[in-house]
Amino acid sequence: MGNDPGSGSDGALSRRHVLLGTVGAGLTGLSGCLVRGQDSGLEGEIVIDGSNTLLPNSAAVARRFQWENNQVRVSVSGSGTGAGFQSLCRDEIDLSDASREIKETEEELCEGNGVEWFELEVVMDGIAIMKNPANDWCEDLTTDELNALWESSSDVETWSDLREEWPDEEISFYGRDSASGTFDYFTEAVNGQTGNIRSDYTGTADTNMIVRGVRGDQYAVGFGGAGFYYENEDDVDLIAIDDGDGPVKPTEETIEEGTYTPLSRPMYVYVNLAQLAREEFREFMRFYLRNTQETAREVGFYGISDEVLEEQQDKLEDEIERFA
């Protein structure tokens with residue numbers, strides 16, 4: 001792995017490639033792969049954990065950073081958004097990847113442990129509603145129908161329960177599990193309350209398992225990050241969502257422009273404020289924001305706007321000034 005991991009088509013990393021390349025990163029760090037690169041004079045260790053969904057972007061940023069700063073070891077793990085917040089609030093990590101905003105109970109844990117933090121928005125993502133390619137009847141769903149499918153009190157069992165002209169065949173349901181920030185966002189956006197979901201769906205921490213479940217059943221439906229769909233276009237299809245202005249599918253344009261509603265969402269990193277006293281961490285955070293629009297698109301996410309990026313950079317510099 002001695003080649004420059006920079007931008008451009010030859011260096012582009014798919015979400016899957018980044019994930020495969022960083023298995024065990026929490027134990028070994030990414031620096032073991034980078035046998036060359038540049039010695040900037042910075043050295044130290046940076047520890048990142050949290051959202052499994054956001055992991056590919058942070059791993060891609062870390063890989064680039066280590067190429068330019070090869071004496072800094074960056075460890076990137078994906079234990080889940082909730083687990084990442086727990087580690088952040090115990091002062092065990094420097095940066096927490098998050099596919100949702102921090103909860104009040106997590107804020108209280110941080111406060112109780114004397115851990116200060118701040119939030120940065122780093123990428124946009126969309127949640128895809130996936131179907132089997134043999135499903136030729138359901139091209140789109142209204143948000144009301146999506147709610148009827150997934151809410152905890154749902155009485156929808158077959159496709160004909162949604163629209164009478166559809167097959168009278170039992171639906172199989174697949175989605176992220178309750179430890180996932182994707183689960184939290186989806187249930188709140190679709191069903192009005194975090195955790196509000198039917199009890200008979202198959203929940204998993206691995207979106208690839210959702211893809212396999214939908215691929216294997218003509219009558220299945222599932223939800224997961226849009227990037228995973230685009231890695232598996234030959235295996236699953238998209239269902240467009242109609243939020244009142246006509247059916248829309250998650251694409252780079254609809255997600256970055258905010259027209260894929262209500263399933264477009266920002267994703268975040270939560271910064272352990274005290275660690276900004278370390279020069280290598282300050283420079284890593286600046287590097288993260290400079291590169292995140294490009295790495296996001298490389299690994300299957302979508303870029304935040306230039307205006308939002310500038311706001312996040314200003315926020316970071318304001319916090320860094322506290323240690324000047």
# chains A, B, ... in the order shown; residues from 1 in each chain; ligands from 1
$ residues_around --residues "Gln293 in chain A" --least-positions-apart "6" --cutoff "10 Å" --atoms "only C-alpha atoms" --output "PDB file with N, CA and C atoms, in the first residue's frame"
ATOM      1  N   ASN A  57     -16.091   7.065   5.778  1.00  0.00           N
ATOM      2  CA  ASN A  57     -15.606   8.414   5.524  1.00  0.00           C
ATOM      3  C   ASN A  57     -14.456   8.773   6.445  1.00  0.00           C
ATOM      4  N   VAL A 122     -20.473  16.723   8.862  1.00  0.00           N
ATOM      5  CA  VAL A 122     -19.386  16.400   7.940  1.00  0.00           C
ATOM      6  C   VAL A 122     -19.828  15.796   6.614  1.00  0.00           C
ATOM      7  N   VAL A 123     -20.945  15.086   6.547  1.00  0.00           N
ATOM      8  CA  VAL A 123     -21.421  14.529   5.285  1.00  0.00           C
ATOM      9  C   VAL A 123     -22.941  14.535   5.278  1.00  0.00           C
ATOM     10  N   MET A 124     -23.493  14.336   4.092  1.00  0.00           N
ATOM     11  CA  MET A 124     -24.920  14.065   3.956  1.00  0.00           C
ATOM     12  C   MET A 124     -25.091  12.606   3.559  1.00  0.00           C
ATOM     13  N   PHE A 301     -21.119   8.504   0.213  1.00  0.00           N
ATOM     14  CA  PHE A 301     -21.919   9.516   0.866  1.00  0.00           C
ATOM     15  C   PHE A 301     -22.109  10.693  -0.084  1.00  0.00           C
ATOM     16  N   TYR A 302     -22.520  11.823   0.487  1.00  0.00           N
ATOM     17  CA  TYR A 302     -22.808  13.006  -0.301  1.00  0.00           C
ATOM     18  C   TYR A 302     -22.235  14.198   0.437  1.00  0.00           C
ATOM     19  N   GLY A 303     -21.782  15.203  -0.318  1.00  0.00           N
ATOM     20  CA  GLY A 303     -21.068  16.304   0.303  1.00  0.00           C
ATOM     21  C   GLY A 303     -21.987  17.319   0.957  1.00  0.00           C
ATOM     22  N   ILE A 304     -21.542  17.891   2.057  1.00  0.00           N
ATOM     23  CA  ILE A 304     -22.231  19.034   2.626  1.00  0.00           C
ATOM     24  C   ILE A 304     -21.981  20.234   1.711  1.00  0.00           C
ATOM     25  N   SER A 305     -22.819  21.237   1.788  1.00  0.00           N
ATOM     26  CA  SER A 305     -22.675  22.411   0.936  1.00  0.00           C
ATOM     27  C   SER A 305     -21.450  23.221   1.344  1.00  0.00           C
ATOM     28  N   ASP A 306     -20.981  24.060   0.428  1.00  0.00           N
ATOM     29  CA  ASP A 306     -19.850  24.935   0.745  1.00  0.00           C
ATOM     30  C   ASP A 306     -20.183  25.844   1.921  1.00  0.00           C
ATOM     31  N   LEU A 309     -19.984  23.798   5.082  1.00  0.00           N
ATOM     32  CA  LEU A 309     -18.580  23.498   5.360  1.00  0.00           C
ATOM     33  C   LEU A 309     -17.886  24.696   5.999  1.00  0.00           C
TER      34      LEU A 309
END
$ select_by_dssp --residues "range 72-155 of chain A" --states "strand (DSSP E)" --output "short mmCIF file (atom, residue, chain, number, x, y, z; two decimals) with N, CA and C atoms, in the first residue's frame"
data_model
loop_
_atom_site.label_atom_id
_atom_site.label_comp_id
_atom_site.auth_asym_id
_atom_site.auth_seq_id
_atom_site.Cartn_x
_atom_site.Cartn_y
_atom_site.Cartn_z
N VAL A 72 1.87 9.83 12.67
CA VAL A 72 0.63 9.89 13.47
C VAL A 72 -0.16 8.63 13.19
N ARG A 73 -0.52 7.91 14.24
CA ARG A 73 -1.32 6.68 14.13
C ARG A 73 -2.78 7.03 14.37
N VAL A 74 -3.64 6.70 13.43
CA VAL A 74 -5.07 6.97 13.56
C VAL A 74 -5.82 5.64 13.61
N SER A 75 -6.48 5.38 14.73
CA SER A 75 -7.26 4.17 14.91
C SER A 75 -8.74 4.48 14.67
N VAL A 76 -9.37 3.75 13.75
CA VAL A 76 -10.76 3.99 13.38
C VAL A 76 -11.56 2.71 13.58
N LEU A 95 -12.59 11.30 19.01
CA LEU A 95 -13.60 11.70 18.05
C LEU A 95 -14.65 10.60 17.96
N SER A 96 -15.92 11.00 17.99
CA SER A 96 -17.01 10.04 17.90
C SER A 96 -17.79 10.27 16.61
N ASP A 97 -17.80 9.27 15.73
CA ASP A 97 -18.64 9.31 14.53
C ASP A 97 -20.09 9.09 14.92
N ALA A 98 -21.01 9.83 14.32
CA ALA A 98 -22.41 9.72 14.73
C ALA A 98 -23.34 9.88 13.53
N TRP A 117 -17.51 18.62 24.68
CA TRP A 117 -17.51 18.20 23.29
C TRP A 117 -18.20 19.26 22.45
N PHE A 118 -18.02 19.16 21.14
CA PHE A 118 -18.83 19.94 20.22
C PHE A 118 -19.05 19.14 18.95
N GLU A 119 -20.09 19.52 18.23
CA GLU A 119 -20.58 18.76 17.07
C GLU A 119 -20.16 19.44 15.77
N LEU A 120 -19.73 18.64 14.79
CA LEU A 120 -19.46 19.13 13.45
C LEU A 120 -20.24 18.29 12.44
N GLU A 121 -20.91 18.94 11.52
CA GLU A 121 -21.60 18.23 10.43
C GLU A 121 -20.58 17.98 9.33
N VAL A 122 -20.47 16.72 8.86
CA VAL A 122 -19.39 16.40 7.94
C VAL A 122 -19.83 15.80 6.61
N VAL A 123 -20.95 15.09 6.55
CA VAL A 123 -21.42 14.53 5.28
C VAL A 123 -22.94 14.54 5.28
N MET A 124 -23.49 14.34 4.09
CA MET A 124 -24.92 14.06 3.96
C MET A 124 -25.09 12.61 3.56
N ASP A 125 -26.18 12.01 4.01
CA ASP A 125 -26.49 10.63 3.66
C ASP A 125 -27.98 10.52 3.38
N GLY A 126 -28.35 9.48 2.69
CA GLY A 126 -29.76 9.18 2.47
C GLY A 126 -30.05 7.77 2.91
N ILE A 127 -31.24 7.53 3.38
CA ILE A 127 -31.67 6.17 3.71
C ILE A 127 -32.49 5.64 2.55
N ALA A 128 -32.04 4.54 1.99
CA ALA A 128 -32.71 3.94 0.83
C ALA A 128 -33.75 2.92 1.28
N ILE A 129 -34.88 2.90 0.59
CA ILE A 129 -35.88 1.85 0.77
C ILE A 129 -35.68 0.88 -0.39
N MET A 130 -35.30 -0.35 -0.06
CA MET A 130 -34.87 -1.32 -1.07
C MET A 130 -35.90 -2.43 -1.25
N LYS A 131 -35.99 -2.92 -2.49
CA LYS A 131 -36.87 -4.03 -2.82
C LYS A 131 -36.11 -5.03 -3.68
N ASP A 140 -43.04 3.14 -6.10
CA ASP A 140 -42.93 4.25 -5.14
C ASP A 140 -43.91 4.03 -4.00
N LEU A 141 -43.64 4.70 -2.90
CA LEU A 141 -44.52 4.70 -1.73
C LEU A 141 -44.68 6.13 -1.26
N THR A 142 -45.87 6.48 -0.80
CA THR A 142 -46.04 7.76 -0.12
C THR A 142 -45.46 7.64 1.29
#
$ residues_around --residues "Tyr174 in chain A" --least-positions-apart "5" --cutoff "7 Å" --atoms "only C-alpha atoms" --output "PDB file with N, CA and C atoms, in the first residue's frame"
ATOM      1  N   TYR A 201     -39.740  -7.291  12.252  1.00  0.00           N
ATOM      2  CA  TYR A 201     -38.738  -7.093  11.214  1.00  0.00           C
ATOM      3  C   TYR A 201     -37.410  -7.708  11.657  1.00  0.00           C
ATOM      4  N   THR A 202     -36.551  -7.998  10.710  1.00  0.00           N
ATOM      5  CA  THR A 202     -35.219  -8.521  11.008  1.00  0.00           C
ATOM      6  C   THR A 202     -34.253  -7.360  11.110  1.00  0.00           C
ATOM      7  N   GLY A 203     -33.766  -7.078  12.315  1.00  0.00           N
ATOM      8  CA  GLY A 203     -32.843  -5.978  12.541  1.00  0.00           C
ATOM      9  C   GLY A 203     -31.406  -6.465  12.616  1.00  0.00           C
ATOM     10  N   ILE A 210     -28.893  -6.798   5.257  1.00  0.00           N
ATOM     11  CA  ILE A 210     -30.181  -6.311   4.759  1.00  0.00           C
ATOM     12  C   ILE A 210     -30.266  -6.518   3.253  1.00  0.00           C
ATOM     13  N   GLY A 213     -30.845 -10.131   2.525  1.00  0.00           N
ATOM     14  CA  GLY A 213     -32.214 -10.536   2.822  1.00  0.00           C
ATOM     15  C   GLY A 213     -33.194 -10.109   1.741  1.00  0.00           C
ATOM     16  N   VAL A 221     -38.765  -6.081   1.755  1.00  0.00           N
ATOM     17  CA  VAL A 221     -38.463  -4.660   1.731  1.00  0.00           C
ATOM     18  C   VAL A 221     -37.470  -4.392   2.855  1.00  0.00           C
ATOM     19  N   GLY A 222     -36.594  -3.425   2.661  1.00  0.00           N
ATOM     20  CA  GLY A 222     -35.604  -3.124   3.694  1.00  0.00           C
ATOM     21  C   GLY A 222     -35.161  -1.674   3.635  1.00  0.00           C
ATOM     22  N   PHE A 223     -34.579  -1.184   4.729  1.00  0.00           N
ATOM     23  CA  PHE A 223     -34.005   0.165   4.730  1.00  0.00           C
ATOM     24  C   PHE A 223     -32.563   0.117   5.195  1.00  0.00           C
TER      25      PHE A 223
END
$ atom_distance --atom1 "CA of Gly80 in chain A" --atom2 "CA of Gly50 in chain A"
4.7 Å
$ closest_residue --among "A:Val47, A:Val61, A:Ala134, A:Met285" --to "Lys315 in chain A" --atoms "only C-alpha atoms"
A:Met285
$ residues_around --residues "Asp242 in chain A" --least-positions-apart "3" --cutoff "10 Å" --atoms "only C-alpha atoms" --output "PyMOL selection string"
chain A and resi 140-146+239+245-249+260-262
$ write_last_selection --atoms "N, CA and C atoms" --output "PDB file, in the first residue's frame"
ATOM      1  N   ASP A 140     -43.038   3.144  -6.102  1.00  0.00           N
ATOM      2  CA  ASP A 140     -42.930   4.246  -5.144  1.00  0.00           C
ATOM      3  C   ASP A 140     -43.909   4.032  -4.004  1.00  0.00           C
ATOM      4  N   LEU A 141     -43.639   4.697  -2.898  1.00  0.00           N
ATOM      5  CA  LEU A 141     -44.516   4.700  -1.733  1.00  0.00           C
ATOM      6  C   LEU A 141     -44.682   6.134  -1.255  1.00  0.00           C
ATOM      7  N   THR A 142     -45.866   6.477  -0.797  1.00  0.00           N
ATOM      8  CA  THR A 142     -46.036   7.758  -0.121  1.00  0.00           C
ATOM      9  C   THR A 142     -45.455   7.639   1.292  1.00  0.00           C
ATOM     10  N   THR A 143     -45.226   8.775   1.920  1.00  0.00           N
ATOM     11  CA  THR A 143     -44.730   8.735   3.298  1.00  0.00           C
ATOM     12  C   THR A 143     -45.760   8.116   4.232  1.00  0.00           C
ATOM     13  N   ASP A 144     -47.047   8.289   3.923  1.00  0.00           N
ATOM     14  CA  ASP A 144     -48.088   7.648   4.730  1.00  0.00           C
ATOM     15  C   ASP A 144     -48.012   6.124   4.587  1.00  0.00           C
ATOM     16  N   GLU A 145     -47.786   5.644   3.373  1.00  0.00           N
ATOM     17  CA  GLU A 145     -47.656   4.203   3.166  1.00  0.00           C
ATOM     18  C   GLU A 145     -46.399   3.659   3.829  1.00  0.00           C
ATOM     19  N   LEU A 146     -45.320   4.444   3.796  1.00  0.00           N
ATOM     20  CA  LEU A 146     -44.086   4.023   4.453  1.00  0.00           C
ATOM     21  C   LEU A 146     -44.309   3.891   5.956  1.00  0.00           C
ATOM     22  N   ILE A 239     -37.032   1.857  -4.096  1.00  0.00           N
ATOM     23  CA  ILE A 239     -38.405   2.350  -4.089  1.00  0.00           C
ATOM     24  C   ILE A 239     -38.345   3.864  -3.877  1.00  0.00           C
ATOM     25  N   ASP A 245     -44.536  15.905  -3.172  1.00  0.00           N
ATOM     26  CA  ASP A 245     -44.168  16.574  -4.412  1.00  0.00           C
ATOM     27  C   ASP A 245     -43.802  15.588  -5.517  1.00  0.00           C
ATOM     28  N   GLY A 246     -44.284  14.362  -5.408  1.00  0.00           N
ATOM     29  CA  GLY A 246     -43.982  13.350  -6.402  1.00  0.00           C
ATOM     30  C   GLY A 246     -42.881  12.417  -5.940  1.00  0.00           C
ATOM     31  N   PRO A 247     -42.781  11.229  -6.550  1.00  0.00           N
ATOM     32  CA  PRO A 247     -41.792  10.239  -6.129  1.00  0.00           C
ATOM     33  C   PRO A 247     -40.364  10.713  -6.385  1.00  0.00           C
ATOM     34  N   VAL A 248     -39.488  10.488  -5.401  1.00  0.00           N
ATOM     35  CA  VAL A 248     -38.081  10.882  -5.489  1.00  0.00           C
ATOM     36  C   VAL A 248     -37.220   9.726  -5.006  1.00  0.00           C
ATOM     37  N   LYS A 249     -36.140   9.451  -5.733  1.00  0.00           N
ATOM     38  CA  LYS A 249     -35.171   8.441  -5.314  1.00  0.00           C
ATOM     39  C   LYS A 249     -33.930   9.122  -4.744  1.00  0.00           C
ATOM     40  N   TYR A 260     -34.860  14.844  -1.372  1.00  0.00           N
ATOM     41  CA  TYR A 260     -35.236  13.481  -0.999  1.00  0.00           C
ATOM     42  C   TYR A 260     -35.633  13.506   0.468  1.00  0.00           C
ATOM     43  N   THR A 261     -36.901  13.752   0.704  1.00  0.00           N
ATOM     44  CA  THR A 261     -37.400  13.886   2.069  1.00  0.00           C
ATOM     45  C   THR A 261     -38.411  12.776   2.348  1.00  0.00           C
ATOM     46  N   PRO A 262     -38.511  12.346   3.592  1.00  0.00           N
ATOM     47  CA  PRO A 262     -37.792  12.846   4.779  1.00  0.00           C
ATOM     48  C   PRO A 262     -36.537  12.043   5.107  1.00  0.00           C
TER      49      PRO A 262
END
$ atom_distance --atom1 "CA of Glu169 in chain A" --atom2 "CA of Asp200 in chain A"
15.8 Å
$ closest_residue --among "A:Asp237, A:Glu321, A:Glu253, A:Asp94" --to "Gln218 in chain A" --atoms "only C-alpha atoms"
A:Asp237
$ closest_residue --among "A:Ile48, A:Arg297, A:Glu280, A:Asp177" --to "Tyr230 in chain A" --atoms "only C-alpha atoms"
A:Arg297
$ residues_around --residues "Asn70 in chain A" --least-positions-apart "3" --cutoff "6 Å" --atoms "only C-alpha atoms" --output "number ranges by chain"
A: 37-39, 66-67
$ write_last_selection --atoms "C-alpha atoms" --output "tab-separated table (two decimals), in the first residue's frame"
chain	number	residue	atom	x	y	z
A	37	GLY	CA	4.23	8.79	2.91
A	38	GLN	CA	5.54	11.99	4.40
A	39	ASP	CA	6.94	12.83	7.79
A	66	GLN	CA	-1.54	9.45	7.56
A	67	TRP	CA	-0.01	9.63	4.10
$ atom_distance --atom1 "CA of Phe281 in chain A" --atom2 "CA of Gly84 in chain A"
17.8 Å
$ residues_around --residues "Thr105 in chain A" --least-positions-apart "3" --cutoff "12 Å" --atoms "only C-alpha atoms" --output "list in words"
Gly82, Phe85, Gln86, Cys89, Glu101, Ile102, Glu108, Leu109, Cys110, Glu111 and Gly112 of chain A
$ write_last_selection --atoms "N, CA and C atoms" --output "PDB file, in the first residue's frame"
ATOM      1  N   GLY A  82     -24.246   4.807  19.347  1.00  0.00           N
ATOM      2  CA  GLY A  82     -24.443   4.839  20.797  1.00  0.00           C
ATOM      3  C   GLY A  82     -23.188   4.448  21.557  1.00  0.00           C
ATOM      4  N   PHE A  85     -20.698   7.312  21.529  1.00  0.00           N
ATOM      5  CA  PHE A  85     -20.996   8.358  22.504  1.00  0.00           C
ATOM      6  C   PHE A  85     -20.615   7.906  23.920  1.00  0.00           C
ATOM      7  N   GLN A  86     -20.850   6.643  24.234  1.00  0.00           N
ATOM      8  CA  GLN A  86     -20.460   6.146  25.547  1.00  0.00           C
ATOM      9  C   GLN A  86     -18.953   6.297  25.752  1.00  0.00           C
ATOM     10  N   CYS A  89     -17.967   9.991  26.127  1.00  0.00           N
ATOM     11  CA  CYS A  89     -18.352  10.557  27.423  1.00  0.00           C
ATOM     12  C   CYS A  89     -17.558   9.951  28.573  1.00  0.00           C
ATOM     13  N   GLU A 101     -27.876  12.924  16.152  1.00  0.00           N
ATOM     14  CA  GLU A 101     -27.414  13.868  17.161  1.00  0.00           C
ATOM     15  C   GLU A 101     -27.350  13.191  18.530  1.00  0.00           C
ATOM     16  N   ILE A 102     -26.554  13.742  19.401  1.00  0.00           N
ATOM     17  CA  ILE A 102     -26.383  13.198  20.738  1.00  0.00           C
ATOM     18  C   ILE A 102     -27.690  13.327  21.528  1.00  0.00           C
ATOM     19  N   GLU A 108     -25.768  14.132  29.478  1.00  0.00           N
ATOM     20  CA  GLU A 108     -25.649  14.091  30.940  1.00  0.00           C
ATOM     21  C   GLU A 108     -24.472  13.221  31.367  1.00  0.00           C
ATOM     22  N   LEU A 109     -24.237  12.123  30.656  1.00  0.00           N
ATOM     23  CA  LEU A 109     -23.096  11.274  30.971  1.00  0.00           C
ATOM     24  C   LEU A 109     -21.792  12.023  30.759  1.00  0.00           C
ATOM     25  N   CYS A 110     -21.686  12.741  29.652  1.00  0.00           N
ATOM     26  CA  CYS A 110     -20.480  13.533  29.396  1.00  0.00           C
ATOM     27  C   CYS A 110     -20.284  14.580  30.496  1.00  0.00           C
ATOM     28  N   GLU A 111     -21.359  15.265  30.836  1.00  0.00           N
ATOM     29  CA  GLU A 111     -21.269  16.301  31.863  1.00  0.00           C
ATOM     30  C   GLU A 111     -20.836  15.707  33.193  1.00  0.00           C
ATOM     31  N   GLY A 112     -21.392  14.549  33.532  1.00  0.00           N
ATOM     32  CA  GLY A 112     -21.034  13.907  34.793  1.00  0.00           C
ATOM     33  C   GLY A 112     -19.578  13.494  34.861  1.00  0.00           C
TER      34      GLY A 112
END
